[in-house]
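Asks: Coordinates in final28.cif, mmCIF, C-alpha atoms and all ligand atoms, are listed below.
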data_input
loop_
_atom_site.label_atom_id
_atom_site.label_comp_id
_atom_site.auth_asym_id
_atom_site.auth_seq_id
_atom_site.Cartn_x
_atom_site.Cartn_y
_atom_site.Cartn_z
CA MET A 54 -6.23 6.13 0.75
CA GLY A 55 -9.01 3.55 0.52
CA VAL A 56 -8.23 0.07 -0.81
CA VAL A 57 -10.11 -1.81 -3.51
CA ASN A 58 -8.56 -5.22 -4.09
CA VAL A 59 -10.00 -6.72 -7.26
CA THR A 60 -8.74 -10.16 -6.32
CA PRO A 61 -10.21 -13.50 -5.28
CA ASP A 62 -7.55 -14.02 -2.62
CA SER A 63 -6.28 -10.87 -0.83
CA PHE A 64 -5.83 -11.71 2.81
CA SER A 65 -8.39 -9.36 4.31
CA ASP A 66 -10.96 -8.65 1.58
CA GLY A 67 -10.24 -11.22 -1.13
CA GLY A 68 -13.24 -12.01 -3.30
CA ARG A 69 -15.47 -9.24 -2.04
CA TRP A 70 -14.89 -6.76 -4.89
CA PHE A 71 -13.89 -9.20 -7.62
CA ASP A 72 -16.58 -8.02 -10.00
CA THR A 73 -16.04 -4.64 -11.77
CA THR A 74 -19.39 -3.14 -10.81
CA ALA A 75 -19.03 -4.16 -7.15
CA ALA A 76 -15.45 -2.84 -7.09
CA VAL A 77 -16.40 0.57 -8.53
CA LYS A 78 -19.31 0.83 -6.13
CA HIS A 79 -17.05 -0.01 -3.22
CA GLY A 80 -14.50 2.63 -4.31
CA LEU A 81 -17.27 5.26 -4.42
CA HIS A 82 -18.41 4.14 -0.98
CA LEU A 83 -14.87 4.61 0.37
CA VAL A 84 -14.84 8.16 -1.05
CA SER A 85 -18.20 8.86 0.60
CA GLU A 86 -16.64 7.76 3.89
CA GLY A 87 -13.77 10.22 3.53
CA ALA A 88 -11.12 8.68 1.27
CA ASP A 89 -9.15 11.26 -0.74
CA LEU A 90 -7.89 8.62 -3.13
CA VAL A 91 -8.63 5.00 -3.95
CA ASP A 92 -5.92 2.37 -4.54
CA VAL A 93 -6.98 -0.31 -7.04
CA GLY A 94 -5.03 -3.57 -7.19
CA GLY A 95 -5.49 -6.85 -9.04
CA GLU A 96 -2.75 -8.98 -7.54
CA SER A 97 -2.73 -10.30 -3.97
CA THR A 98 0.56 -9.75 -2.15
CA ARG A 99 -0.32 -11.73 0.95
CA PRO A 100 2.58 -13.83 2.24
CA GLY A 101 2.91 -17.02 0.22
CA ALA A 102 0.72 -15.78 -2.68
CA SER A 103 1.77 -16.78 -6.18
CA ARG A 104 1.63 -14.27 -9.00
CA VAL A 105 -1.30 -13.57 -11.28
CA ASP A 106 -0.56 -13.27 -15.01
CA GLU A 107 -0.48 -9.90 -16.71
CA ALA A 108 -3.56 -10.38 -18.91
CA GLU A 109 -5.64 -11.33 -15.89
CA GLU A 110 -4.30 -8.42 -13.84
CA LEU A 111 -5.21 -6.01 -16.67
CA ARG A 112 -8.66 -7.57 -16.95
CA ARG A 113 -9.28 -7.05 -13.24
CA VAL A 114 -7.83 -3.58 -12.79
CA ILE A 115 -8.36 -1.43 -15.88
CA PRO A 116 -12.20 -1.32 -15.95
CA VAL A 117 -12.26 -0.44 -12.24
CA VAL A 118 -9.68 2.34 -12.68
CA ARG A 119 -11.65 3.69 -15.64
CA GLY A 120 -14.96 3.47 -13.78
CA LEU A 121 -13.69 5.30 -10.70
CA ALA A 122 -11.69 7.92 -12.64
CA SER A 123 -14.75 8.70 -14.77
CA GLU A 124 -16.63 9.43 -11.54
CA GLY A 125 -13.95 11.99 -10.61
CA VAL A 126 -12.17 9.78 -8.05
CA THR A 127 -8.40 10.19 -7.62
CA VAL A 128 -7.17 6.69 -8.37
CA SER A 129 -3.84 5.02 -7.69
CA VAL A 130 -2.97 1.67 -9.22
CA ASP A 131 -1.34 -0.96 -7.04
CA THR A 132 0.81 -2.99 -9.42
CA MET A 133 4.32 -4.34 -9.92
CA ARG A 134 3.93 -4.39 -13.72
CA ALA A 135 4.87 -1.55 -16.07
CA ARG A 136 2.21 -2.52 -18.64
CA VAL A 137 -0.50 -2.41 -16.00
CA ALA A 138 0.77 0.93 -14.69
CA GLU A 139 0.82 2.41 -18.22
CA GLN A 140 -2.65 1.21 -19.10
CA ALA A 141 -4.02 2.30 -15.72
CA VAL A 142 -2.62 5.80 -16.22
CA ALA A 143 -4.17 5.84 -19.71
CA ALA A 144 -7.48 4.85 -18.04
CA GLY A 145 -7.22 7.76 -15.59
CA ALA A 146 -5.00 6.66 -12.65
CA LEU A 147 -3.02 9.57 -11.21
CA LEU A 148 -0.49 7.67 -9.11
CA VAL A 149 1.40 4.37 -9.36
CA ASN A 150 1.84 2.31 -6.20
CA ASP A 151 4.45 -0.42 -6.71
CA VAL A 152 5.09 -2.59 -3.64
CA SER A 153 8.41 -3.64 -5.21
CA GLY A 154 9.60 -0.03 -5.60
CA GLY A 155 10.44 -0.71 -9.24
CA LEU A 156 12.38 -3.92 -8.56
CA ALA A 157 9.92 -6.47 -9.93
CA ASP A 158 9.71 -5.14 -13.50
CA PRO A 159 12.70 -3.42 -15.15
CA ASP A 160 10.31 -1.42 -17.35
CA MET A 161 8.47 0.13 -14.39
CA ILE A 162 10.75 3.08 -13.62
CA PRO A 163 10.97 4.28 -17.26
CA ALA A 164 7.19 3.85 -17.60
CA VAL A 165 6.48 5.97 -14.52
CA ALA A 166 9.07 8.55 -15.57
CA ALA A 167 7.37 8.85 -18.97
CA ALA A 168 3.89 9.02 -17.43
CA GLU A 169 5.01 11.87 -15.13
CA VAL A 170 2.89 10.65 -12.21
CA PRO A 171 3.76 10.22 -8.52
CA PHE A 172 5.32 6.86 -7.63
CA VAL A 173 5.03 5.04 -4.30
CA VAL A 174 8.31 3.32 -3.52
CA MET A 175 7.78 0.69 -0.87
CA HIS A 176 10.44 -1.18 1.08
CA TRP A 177 10.50 -4.68 -0.48
CA ARG A 178 12.91 -7.57 -0.42
CA GLY A 179 11.27 -10.08 -2.74
CA PHE A 180 8.06 -11.65 -3.98
CA SER A 181 5.40 -12.86 -1.57
CA GLU A 182 6.21 -16.54 -2.15
CA SER A 183 9.48 -16.15 -0.27
CA MET A 184 9.28 -12.88 1.66
CA ASN A 185 8.91 -14.34 5.15
CA SER A 186 12.37 -15.91 4.88
CA ARG A 187 13.82 -12.44 4.18
CA ALA A 188 12.57 -10.96 7.46
CA VAL A 189 16.06 -10.89 8.93
CA TYR A 190 17.46 -7.63 10.29
CA GLY A 191 20.15 -6.47 12.71
CA ASP A 192 18.58 -3.00 13.03
CA VAL A 193 15.27 -2.94 11.15
CA VAL A 194 14.91 0.87 11.16
CA ALA A 195 18.44 1.54 9.90
CA GLU A 196 18.20 -1.17 7.23
CA VAL A 197 14.77 -0.14 5.96
CA LEU A 198 15.94 3.50 5.82
CA ASP A 199 19.09 2.52 3.98
CA GLU A 200 17.30 0.27 1.47
CA LEU A 201 14.59 2.88 0.87
CA ARG A 202 17.25 5.52 0.24
CA GLN A 203 18.85 3.23 -2.36
CA ARG A 204 15.50 2.71 -4.09
CA MET A 205 14.79 6.46 -4.06
CA ASP A 206 18.18 7.08 -5.68
CA ALA A 207 17.53 4.39 -8.31
CA VAL A 208 14.08 5.69 -9.13
CA ILE A 209 15.31 9.28 -9.44
CA ALA A 210 18.33 8.16 -11.51
CA GLY A 211 15.82 6.38 -13.76
CA GLY A 212 14.06 9.63 -14.53
CA VAL A 213 11.23 9.96 -11.99
CA ALA A 214 11.16 13.54 -10.70
CA PRO A 215 12.27 13.63 -7.02
CA GLU A 216 9.14 15.55 -6.02
CA ARG A 217 7.00 12.69 -7.37
CA VAL A 218 8.49 10.03 -5.09
CA VAL A 219 6.42 8.82 -2.11
CA ILE A 220 7.98 6.35 0.35
CA ASP A 221 6.45 3.50 2.34
CA PRO A 222 8.05 1.19 4.97
CA GLY A 223 6.16 -1.83 3.59
CA LEU A 224 4.69 -3.13 6.84
CA GLY A 225 4.35 -6.93 6.72
CA PHE A 226 6.59 -7.31 3.66
CA ALA A 227 9.62 -9.34 4.71
CA LYS A 228 8.91 -8.23 8.28
CA ASP A 229 7.58 -9.98 11.36
CA ALA A 230 5.25 -8.38 13.91
CA ALA A 231 8.10 -7.01 16.03
CA HIS A 232 9.73 -5.42 12.95
CA ASP A 233 6.43 -3.76 11.98
CA LEU A 234 5.88 -2.36 15.47
CA THR A 235 9.42 -1.02 15.60
CA LEU A 236 8.91 0.71 12.26
CA VAL A 237 5.64 2.26 13.43
CA ALA A 238 7.49 3.51 16.53
CA HIS A 239 10.07 5.16 14.26
CA LEU A 240 7.87 6.67 11.52
CA ALA A 241 9.28 10.12 12.21
CA GLU A 242 12.70 8.87 11.08
CA LEU A 243 11.20 7.66 7.81
CA HIS A 244 9.46 11.00 7.42
CA ALA A 245 12.87 12.62 7.84
CA LEU A 246 13.90 11.14 4.46
CA GLY A 247 12.16 14.22 3.14
CA ARG A 248 9.52 12.58 0.96
CA PRO A 249 5.77 12.14 1.54
CA LEU A 250 5.25 9.03 3.66
CA LEU A 251 2.55 6.40 3.06
CA VAL A 252 1.76 3.95 5.86
CA ALA A 253 -0.24 0.79 5.11
CA ALA A 254 -0.96 -1.05 8.35
CA SER A 255 -4.56 -1.91 7.61
CA ARG A 256 -5.66 -5.26 9.11
CA LYS A 257 -2.13 -6.63 8.91
CA ARG A 258 -0.75 -9.60 10.84
CA PHE A 259 1.13 -7.48 13.36
CA LEU A 260 -2.16 -5.96 14.51
CA GLY A 261 -3.62 -9.45 14.92
CA HIS A 262 -0.57 -10.25 17.00
CA VAL A 263 -1.10 -7.19 19.22
CA LEU A 264 -4.80 -8.00 19.67
CA ALA A 265 -4.40 -11.71 20.43
CA GLY A 266 -4.90 -12.46 24.10
CA PRO A 267 -2.91 -14.87 26.21
CA GLY A 268 -4.08 -18.22 24.87
CA SER A 269 -6.57 -16.64 22.40
CA PRO A 270 -5.87 -16.41 18.68
CA PRO A 271 -5.55 -13.18 16.68
CA PRO A 272 -8.96 -11.79 15.62
CA PRO A 273 -9.74 -12.23 11.90
CA ALA A 274 -8.53 -9.50 9.56
CA ARG A 275 -11.93 -7.81 9.30
CA GLU A 276 -12.01 -7.28 13.07
CA ARG A 277 -8.83 -5.21 13.06
CA ASP A 278 -10.25 -1.88 11.90
CA ALA A 279 -10.18 -0.11 15.27
CA ALA A 280 -6.55 -1.20 15.66
CA THR A 281 -5.90 0.09 12.13
CA ALA A 282 -7.42 3.47 13.05
CA ALA A 283 -5.07 3.66 16.05
CA VAL A 284 -2.09 3.28 13.71
CA SER A 285 -3.65 5.88 11.40
CA ALA A 286 -3.70 8.42 14.25
CA LEU A 287 -0.10 7.60 15.17
CA SER A 288 0.92 7.88 11.52
CA ALA A 289 -0.76 11.27 11.15
CA GLN A 290 1.00 12.44 14.30
CA ALA A 291 4.34 11.30 12.85
CA GLY A 292 3.71 13.39 9.72
CA ALA A 293 2.46 10.75 7.26
CA TRP A 294 1.11 12.00 3.94
CA ALA A 295 -1.42 9.16 3.66
CA VAL A 296 -2.57 5.94 5.28
CA ARG A 297 -3.79 3.05 3.11
CA VAL A 298 -6.84 1.38 4.71
CA HIS A 299 -9.69 -0.99 3.89
CA GLU A 300 -12.24 0.69 6.18
CA VAL A 301 -12.10 4.46 5.76
CA ARG A 302 -14.52 5.93 8.24
CA ALA A 303 -12.68 5.17 11.49
CA THR A 304 -9.39 6.23 9.95
CA ALA A 305 -10.82 9.50 8.62
CA ASP A 306 -12.00 10.26 12.17
CA ALA A 307 -8.66 9.21 13.69
CA VAL A 308 -6.77 11.47 11.30
CA ARG A 309 -9.13 14.37 12.05
CA VAL A 310 -8.53 13.95 15.77
CA ALA A 311 -4.77 13.80 15.28
CA ARG A 312 -4.91 17.03 13.24
CA ALA A 313 -7.09 18.76 15.86
CA VAL A 314 -4.70 17.77 18.64
CA GLU A 315 -1.79 19.03 16.56
CA GLY A 316 -3.60 22.33 16.06
CA ALA A 317 -4.16 22.68 19.81
CA ALA A 318 -0.54 21.98 20.78
N1 LIG B 401 0.24 -3.64 1.32
C1 LIG B 401 -0.56 -4.40 0.58
C2 LIG B 401 -0.89 -4.03 -0.74
N2 LIG B 401 -0.41 -2.88 -1.27
N3 LIG B 401 0.86 -0.93 -1.05
C3 LIG B 401 1.67 -0.15 -0.32
N4 LIG B 401 2.14 1.00 -0.83
N5 LIG B 401 2.04 -0.49 0.94
C4 LIG B 401 1.63 -1.64 1.53
O1 LIG B 401 2.03 -1.92 2.68
C5 LIG B 401 0.75 -2.48 0.79
C6 LIG B 401 0.39 -2.08 -0.52
C7 LIG B 401 -1.12 -5.66 1.16
O2 LIG B 401 -2.32 -5.46 1.83
P1 LIG B 401 -3.77 -5.85 1.24
O3 LIG B 401 -3.64 -7.19 0.55
O4 LIG B 401 -4.64 -5.91 2.42
O5 LIG B 401 -4.21 -4.80 0.30
#
Once more with this new file: its structure as structure tokens, please.
Replies:
Amino acid sequence: MGVVNVTPDSFSDGGRWFDTTAAVKHGLHLVSEGADLVDVGGESTRPGASRVDEAEELRRVIPVVRGLASEGVTVSVDTMRARVAEQAVAAGALLVNDVSGGLADPDMIPAVAAAEVPFVVMHWRGFSESMNSRAVYGDVVAEVLDELRQRMDAVIAGGVAPERVVIDPGLGFAKDAAHDLTLVAHLAELHALGRPLLVAASRKRFLGHVLAGPGSPPPPARERDAATAAVSALSAQAGAWAVRVHEVRATADAVRVARAVEGAA
């Protein structure tokens, strides 16, 4: 899954694809590099970010969804708003990716149920403004599993078909670097929830943390693509359905290698 953030302020690629034409072109480029689907979002969820209003989110996202869908690209829409999800599906999106797992907007679950599209349910504890203060766990794997199970139940009770639910551990969302690493080490347990698993490690803080040397700072987000590809290979090995990345080529290769190794086992 390639990422197109139509935002001025996303932490790793903010501002680069803020214009519709540039965003569509970038999405097509990601497909040419091996992306099977493209995730289009108009609201930054970086820690501390404040929310964008709905009209602005629609203005950013819908033309890009329409442009990519009309080129035959499988598009997912990354939004916490039911209205944006509905209009994106009307514009050709085939999947709704809600980082709040339906918690941010009470109309989201009924909207996705009515649209009859797959729904990514991510582990989430609250909006970006305050999420770092919620990164408190006794056992991060057990708690994330438990909270994801509750969200799956709620989404299914709300009318989304069980076979349309995709789960995601929400790396970096109300989690510190150690929590993220522990979750990556335990992806197979998440996979055991029995739903397709999406892993979105791309360029995230925990990779910067891993790559920082003693006394040297973390490399900037755009220099974390090789580290991202390493997580993509590990995710593929753990049975992930998809990995959400900003730079597709290295990840497409990493996933191919993981599959070849699996085939040779
Ligand atoms: N992370 C971001 C945005 N959307 N969607 C899912 N399903 N999972 C994630 O972990 C996730 C997401 C934030 O990253 P970005 O600002 O670099 O796109």
Asks: Of the candidates A:Ala230, A:Met161, A:Val128, A:Ala122, which one gets nearest to A:Ala88 if we count all atoms listed in the file?
Replies: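 Looking only at the distances to A:Ala88, the closest residue turns out to be A:Val128.
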Asks: In terms of the shortest atom-to-atom distance over only C-alpha atoms and all ligand atoms, which of A:Phe259, A:Trp70, A:Phe226, A:Phe180 is closest to ligand LIG 401 (chain B)?
Replies: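 Closest to ligand LIG 401 (chain B) of all the choices is A:Phe226.
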Asks: Show which residues sit within 10 Å of A:Ala283, as number ranges by chain. Count all atoms listed in the file, and ignore same-chain residues fewer than 6 positions away.
Replies: A: 254, 303-304, 307-308
Asks: Just C-alpha atoms for this one: save the residues we selected as a PDB file, in the coordinates of the input.
Replies:
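Everything below was put into part-v2.pdb:
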ATOM      1  CA  ALA A 254      -0.960  -1.050   8.350  1.00  0.00           C
ATOM      2  CA  ALA A 303     -12.680   5.170  11.490  1.00  0.00           C
ATOM      3  CA  THR A 304      -9.390   6.230   9.950  1.00  0.00           C
ATOM      4  CA  ALA A 307      -8.660   9.210  13.690  1.00  0.00           C
ATOM      5  CA  VAL A 308      -6.770  11.470  11.300  1.00  0.00           C
TER       6      VAL A 308
END
Asks: Of the residues A:Thr73, A:Ser285, A:Ser269, A:Ser129, which is the one nearest to A:Val237, using only C-alpha atoms?
Replies: A:Ser285
Asks: So which residues touch A:Leu234 within 12 Å, counting all atoms listed in the file, skipping near sequence neighbours fewer than 5 positions away, as a list in words?
Replies: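 Listing them by chain and then by number gives Val193, Val194, Pro222, Gly223, Leu224, Gly225, Lys228, Asp229, His239, Leu240, Ala254, Lys257, Arg258, Phe259, Leu260, Gly261, His262, Val263, Val284 and Leu287 of chain A.
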Asks: From the options A:Arg275, A:Arg113, A:Arg136, A:Arg248, which residue's atoms come nearest to ligand LIG 401 (chain B), counting all atoms listed in the file?
Replies: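 Nearest candidate to ligand LIG 401 (chain B) out of A:Arg275, A:Arg113, A:Arg136, A:Arg248: A:Arg275.
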Asks: When you draw a straight line from atom CA of A:Leu147 to atom CA of A:Thr127, how long is it in Å?
Replies: 6.5 Å
Asks: For A:Arg256, which residue out of A:Glu300, A:Asp192, A:Glu139, A:Glu242 is the nearest one, using only C-alpha atoms?
Replies: A:Glu300
Asks: Quick one: residues within 6 Å of A:Gly95, only C-alpha atoms counted, chain neighbours fewer than 5 positions away excluded, as a PyMOL selection string?
Replies: chain A and resi 59-60+110+113-114
Asks: Mind giving me the straight-line distance from atom CA of A:His176 to atom CA of A:Leu201 in Å, one decimal?
Replies: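 These two atoms are separated by 5.8 Å.
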Asks: Work out how far apart atom CA of A:Val218 and atom CA of A:Met205 are and give it in Å to one decimal.
Replies: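 Atom CA of A:Met205 lies 7.3 Å from atom CA of A:Val218.
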Asks: Compare A:Ala282, A:Val298, A:Ala289, A:Val197 by their minimum atom-to-atom distance to ligand LIG 401 (chain B), counting only C-alpha atoms and all ligand atoms, and give me the closest one.
Replies: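 Ranking A:Ala282, A:Val298, A:Ala289, A:Val197 by distance to ligand LIG 401 (chain B), first place goes to A:Val298.
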